[in-house]
Amino acid sequence: HDIEYNGNKRATWRHLREFYESERRRELKLAVKLTDAHFCPGIAQKMKVSLAAQVFSHSVASGMRVLVDHDRMEKSALQTAEFVEKVNEMFDILNSASLFGKHGKGAVTEESAETVLSQLSAAQEFILTWRFSPVRGGRSKTTMPFKEGWLLSIESAKRIIHFGLREAGVSYLCLRRFSQDHVENFFSMVRGRNGFNEKPELHAFLGALRSISAGKMERKLANGTNCEDDGDAMAVEIRDLREKVTAASTSAAEQPQQHRAVSADGDVATEIAFDNVEATEVVPYIGGWIFRKLQIFACNSCKDELVTDESPARTFTHKNFEDSRYGLT
């Protein structure tokens, strides 16, 4: 759809296409990120916000103005360039991710709040003027789902700024933190732990949640993913749990032949005493195998138990090769 805005101006898809066609085969380009996928997207690519953000960007708007100045595009393309620039500004405000971002991309602070709120209000007024020309005859439309989505996002951002900075006393707000990317990244990790099952059952979901929580929710995003890396860090990391376990293990180190179960919150649970030789031999051996597989090993109490000249569990002695003695089993 072509979009009429501010009463008598028109942004057309044709101008964007002409700009891309004039640039695609050149060695030096005014908008280097544009590809065929931006103008002929596949089924999966149609949902990628990144493609839309790269089309409605400052580089594209300035590039179109350059071509108009050199008479390589018609003068009416300036109206399309103006529309692209305004949409780019809205993307930048709602996608602020850094306290010291430049060119309108910085976090909202007490000092910049009035300016940002004014820009968001102006963006709302700009969006309300949009009218959509019919593709094949018929009447023009005054609304589309993405238009309502823009208005909802901007109004939500304004209320978050009012509440966060003026009521909750937050020092700054990165509006990108309120986007859907973080939720989508999280559920992507859950699906990845279940063989990319789109609809995991409750027990599978809980198992995946425990697994990715223990792994600090770290994931390397593949190229071309729909969502950007959100850059989140765990509020409570697994090493905090290890410190609690280490403290509990240290206090129990003087009680041989008794193995203590440690709960998830680090508290020592019920003591378990083993009466038979098999249990006494097997439990330390299995424990050693598990700790050997750990990539991070920082439990000093466990090292004291497992790295000894002569292990109390004879299984270690008989299973060890000569060159692995006096080391971690």
# chains A, B, ... in the order shown; residues from 1 in each chain; ligands from 1
$ select_by_dssp --residues "region 4-38 of chain A" --states "strand (DSSP E)" --output "ChimeraX atom specification"
/A:4-5,9-11
$ closest_atom_pairs --of "region 4-34 of chain A" --to "region 49-61 of chain A" --cutoff "8 Å" --atoms "only C-alpha atoms" --output "Markdown table"
| residue | atom | partner | partner_atom | distance |
| --- | --- | --- | --- | --- |
| A:Leu30 | CA | A:Ser59 | CA | 6.9 |
| A:Ala31 | CA | A:Ser59 | CA | 5.6 |
| A:Lys33 | CA | A:Gln54 | CA | 6.9 |
| A:Leu34 | CA | A:Val55 | CA | 7.0 |
$ write_last_selection --atoms "C-alpha atoms" --output "mmCIF file, in the first residue's frame"
data_model
loop_
_atom_site.group_PDB
_atom_site.id
_atom_site.type_symbol
_atom_site.label_atom_id
_atom_site.label_comp_id
_atom_site.auth_asym_id
_atom_site.auth_seq_id
_atom_site.Cartn_x
_atom_site.Cartn_y
_atom_site.Cartn_z
ATOM 1 C CA LEU A 30 24.340 4.365 -0.333
ATOM 2 C CA ALA A 31 22.455 1.690 1.636
ATOM 3 C CA LYS A 33 22.235 -3.563 3.933
ATOM 4 C CA LEU A 34 19.434 -3.705 1.375
#
$ select_by_dssp --residues "region 174-220 of chain A" --states "helix (DSSP H, G or I)" --output "ChimeraX atom specification"
/A:175-178,181-192,202-214
$ atom_distance --atom1 "CA of Arg159 (chain A)" --atom2 "CA of Thr129 (chain A)"
22.2 Å
$ residues_around --residues "Ser22 (chain A)" --least-positions-apart "3" --cutoff "12 Å" --atoms "only C-alpha atoms" --output "PDB file with N, CA and C atoms, in the first residue's frame"
ATOM      1  N   HIS A  15       9.047   4.127  -4.983  1.00  0.00           N
ATOM      2  CA  HIS A  15      10.277   4.899  -4.802  1.00  0.00           C
ATOM      3  C   HIS A  15      11.353   4.078  -4.093  1.00  0.00           C
ATOM      4  N   LEU A  16      10.961   3.307  -3.104  1.00  0.00           N
ATOM      5  CA  LEU A  16      11.927   2.468  -2.396  1.00  0.00           C
ATOM      6  C   LEU A  16      12.503   1.404  -3.322  1.00  0.00           C
ATOM      7  N   ARG A  17      11.641   0.861  -4.144  1.00  0.00           N
ATOM      8  CA  ARG A  17      12.095  -0.159  -5.088  1.00  0.00           C
ATOM      9  C   ARG A  17      13.056   0.442  -6.121  1.00  0.00           C
ATOM     10  N   GLU A  18      12.721   1.611  -6.622  1.00  0.00           N
ATOM     11  CA  GLU A  18      13.596   2.277  -7.592  1.00  0.00           C
ATOM     12  C   GLU A  18      14.957   2.593  -6.976  1.00  0.00           C
ATOM     13  N   PHE A  19      14.943   3.015  -5.734  1.00  0.00           N
ATOM     14  CA  PHE A  19      16.206   3.304  -5.055  1.00  0.00           C
ATOM     15  C   PHE A  19      17.066   2.046  -4.963  1.00  0.00           C
ATOM     16  N   ARG A  25      23.566  -3.077  -8.049  1.00  0.00           N
ATOM     17  CA  ARG A  25      24.718  -3.567  -8.814  1.00  0.00           C
ATOM     18  C   ARG A  25      25.943  -2.654  -8.717  1.00  0.00           C
ATOM     19  N   ARG A  26      25.892  -1.676  -7.866  1.00  0.00           N
ATOM     20  CA  ARG A  26      27.016  -0.751  -7.737  1.00  0.00           C
ATOM     21  C   ARG A  26      28.022  -1.266  -6.708  1.00  0.00           C
ATOM     22  N   GLU A  27      29.282  -0.958  -6.958  1.00  0.00           N
ATOM     23  CA  GLU A  27      30.331  -1.355  -6.018  1.00  0.00           C
ATOM     24  C   GLU A  27      30.200  -0.595  -4.703  1.00  0.00           C
ATOM     25  N   LEU A  28      29.991   0.716  -4.789  1.00  0.00           N
ATOM     26  CA  LEU A  28      29.804   1.556  -3.608  1.00  0.00           C
ATOM     27  C   LEU A  28      28.332   1.918  -3.510  1.00  0.00           C
ATOM     28  N   LYS A  29      27.717   1.564  -2.378  1.00  0.00           N
ATOM     29  CA  LYS A  29      26.273   1.732  -2.237  1.00  0.00           C
ATOM     30  C   LYS A  29      25.951   2.756  -1.156  1.00  0.00           C
ATOM     31  N   LEU A  30      24.811   3.407  -1.330  1.00  0.00           N
ATOM     32  CA  LEU A  30      24.340   4.365  -0.333  1.00  0.00           C
ATOM     33  C   LEU A  30      23.635   3.665   0.826  1.00  0.00           C
ATOM     34  N   ALA A  31      23.107   2.482   0.582  1.00  0.00           N
ATOM     35  CA  ALA A  31      22.455   1.690   1.636  1.00  0.00           C
ATOM     36  C   ALA A  31      22.918   0.248   1.474  1.00  0.00           C
ATOM     37  N   LEU A  34      20.601  -3.296   2.152  1.00  0.00           N
ATOM     38  CA  LEU A  34      19.434  -3.705   1.375  1.00  0.00           C
ATOM     39  C   LEU A  34      19.772  -4.878   0.461  1.00  0.00           C
ATOM     40  N   GLY A  63      20.043   8.402   1.370  1.00  0.00           N
ATOM     41  CA  GLY A  63      20.426   7.951   0.038  1.00  0.00           C
ATOM     42  C   GLY A  63      19.443   8.390  -1.031  1.00  0.00           C
ATOM     43  N   MET A  64      18.162   8.330  -0.712  1.00  0.00           N
ATOM     44  CA  MET A  64      17.149   8.783  -1.669  1.00  0.00           C
ATOM     45  C   MET A  64      17.280  10.279  -1.930  1.00  0.00           C
ATOM     46  N   LEU A  67      20.103  10.868  -4.399  1.00  0.00           N
ATOM     47  CA  LEU A  67      19.748  10.570  -5.789  1.00  0.00           C
ATOM     48  C   LEU A  67      18.827  11.633  -6.374  1.00  0.00           C
ATOM     49  N   ARG A  72      18.595  11.598 -10.294  1.00  0.00           N
ATOM     50  CA  ARG A  72      18.446  10.178 -10.612  1.00  0.00           C
ATOM     51  C   ARG A  72      17.144   9.614 -10.065  1.00  0.00           C
ATOM     52  N   MET A  73      16.426  10.394  -9.278  1.00  0.00           N
ATOM     53  CA  MET A  73      15.080  10.047  -8.828  1.00  0.00           C
ATOM     54  C   MET A  73      14.221  11.291  -8.912  1.00  0.00           C
TER      55      MET A  73
END
$ residues_around --residues "Trp130 (chain A)" --least-positions-apart "6" --cutoff "8 Å" --atoms "only C-alpha atoms" --output "short mmCIF file (atom, residue, chain, number, x, y, z; two decimals) with N, CA and C atoms, in the first residue's frame"
data_model
loop_
_atom_site.label_atom_id
_atom_site.label_comp_id
_atom_site.auth_asym_id
_atom_site.auth_seq_id
_atom_site.Cartn_x
_atom_site.Cartn_y
_atom_site.Cartn_z
N ILE A 3 1.12 5.10 1.22
CA ILE A 3 0.59 5.73 2.43
C ILE A 3 0.54 7.24 2.25
N GLU A 4 -0.65 7.80 2.43
CA GLU A 4 -0.81 9.25 2.46
C GLU A 4 -0.65 9.70 3.90
N TYR A 5 0.10 10.79 4.11
CA TYR A 5 0.33 11.26 5.48
C TYR A 5 0.39 12.79 5.49
N ASN A 6 0.13 13.34 6.64
CA ASN A 6 0.14 14.80 6.83
C ASN A 6 -0.72 15.52 5.78
N THR A 142 -8.31 3.69 6.49
CA THR A 142 -7.77 4.59 7.52
C THR A 142 -6.99 3.84 8.59
N THR A 143 -7.06 2.53 8.57
CA THR A 143 -6.35 1.77 9.60
C THR A 143 -5.84 0.45 9.03
#
$ residues_around --residues "Asp2 (chain A)" --least-positions-apart "2" --cutoff "10 Å" --atoms "only C-alpha atoms" --output "list in words"
Glu4, Tyr5, Arg10, Ala11, Thr12, Trp13, Arg14, Thr80, Trp130, Arg131, Phe132, Ser133, Pro134, Val135 and Ser140 of chain A
$ residues_around --residues "region 107-118 of chain A" --least-positions-apart "4" --cutoff "10 Å" --atoms "only C-alpha atoms" --output "PyMOL selection string"
chain A and resi 93-102+122-124+154-155+157-159+161-162+164-166+169-176
$ decode --residues "region 162-221 of chain A" --atoms "C-alpha atoms" --output "compact mmCIF listing (two decimals), in the first residue's frame"
# COMPACT_ATOMS: atom_id res chain seq x y z
CA HIS A 162 5.73 8.52 33.41
CA PHE A 163 5.61 5.68 35.92
CA GLY A 164 9.28 4.67 35.86
CA LEU A 165 10.91 8.10 36.08
CA ARG A 166 8.31 10.06 38.04
CA GLU A 167 6.70 7.53 40.35
CA ALA A 168 9.09 4.61 40.77
CA GLY A 169 12.22 6.78 40.88
CA VAL A 170 14.11 4.87 38.17
CA SER A 171 17.19 6.78 36.99
CA TYR A 172 16.88 5.81 33.32
CA LEU A 173 14.88 3.55 31.01
CA CYS A 174 16.03 1.56 27.97
CA LEU A 175 12.76 1.09 26.11
CA ARG A 176 14.08 -1.89 24.19
CA ARG A 177 13.84 -3.85 27.43
CA PHE A 178 10.07 -3.73 27.09
CA SER A 179 10.01 -5.28 23.61
CA GLN A 180 8.93 -8.81 22.79
CA ASP A 181 12.45 -9.90 21.78
CA HIS A 182 13.33 -11.05 25.28
CA VAL A 183 10.24 -13.26 25.55
CA GLU A 184 10.85 -14.74 22.10
CA ASN A 185 14.52 -15.41 22.87
CA PHE A 186 13.54 -17.15 26.11
CA PHE A 187 10.95 -19.41 24.47
CA SER A 188 13.42 -20.14 21.67
CA MET A 189 15.82 -21.52 24.29
CA VAL A 190 13.01 -23.60 25.81
CA ARG A 191 12.14 -25.05 22.40
CA GLY A 192 15.81 -25.78 21.76
CA ARG A 193 15.99 -27.90 24.92
CA ASN A 194 13.01 -29.97 23.77
CA GLY A 195 14.13 -30.84 20.26
CA PHE A 196 12.52 -27.68 18.90
CA ASN A 197 9.11 -28.81 20.10
CA GLU A 198 6.76 -25.91 19.39
CA LYS A 199 4.29 -26.96 22.11
CA PRO A 200 6.14 -28.62 25.01
CA GLU A 201 4.10 -30.16 27.80
CA LEU A 202 4.35 -28.79 31.32
CA HIS A 203 6.95 -31.25 32.62
CA ALA A 204 9.12 -30.73 29.52
CA PHE A 205 8.86 -26.95 29.90
CA LEU A 206 9.87 -27.08 33.57
CA GLY A 207 12.80 -29.36 32.78
CA ALA A 208 14.01 -27.02 30.05
CA LEU A 209 13.61 -24.02 32.37
CA ARG A 210 15.77 -25.66 35.04
CA SER A 211 18.38 -26.61 32.46
CA ILE A 212 18.76 -23.19 30.87
CA SER A 213 18.68 -21.50 34.29
CA ALA A 214 21.63 -23.63 35.40
CA GLY A 215 23.37 -22.69 32.16
CA LYS A 216 22.96 -18.95 32.82
CA MET A 217 20.52 -18.71 29.89
CA GLU A 218 23.45 -18.19 27.55
CA ARG A 219 22.88 -18.72 23.86
CA LYS A 220 24.70 -17.64 20.74
CA LEU A 221 22.18 -16.33 18.24
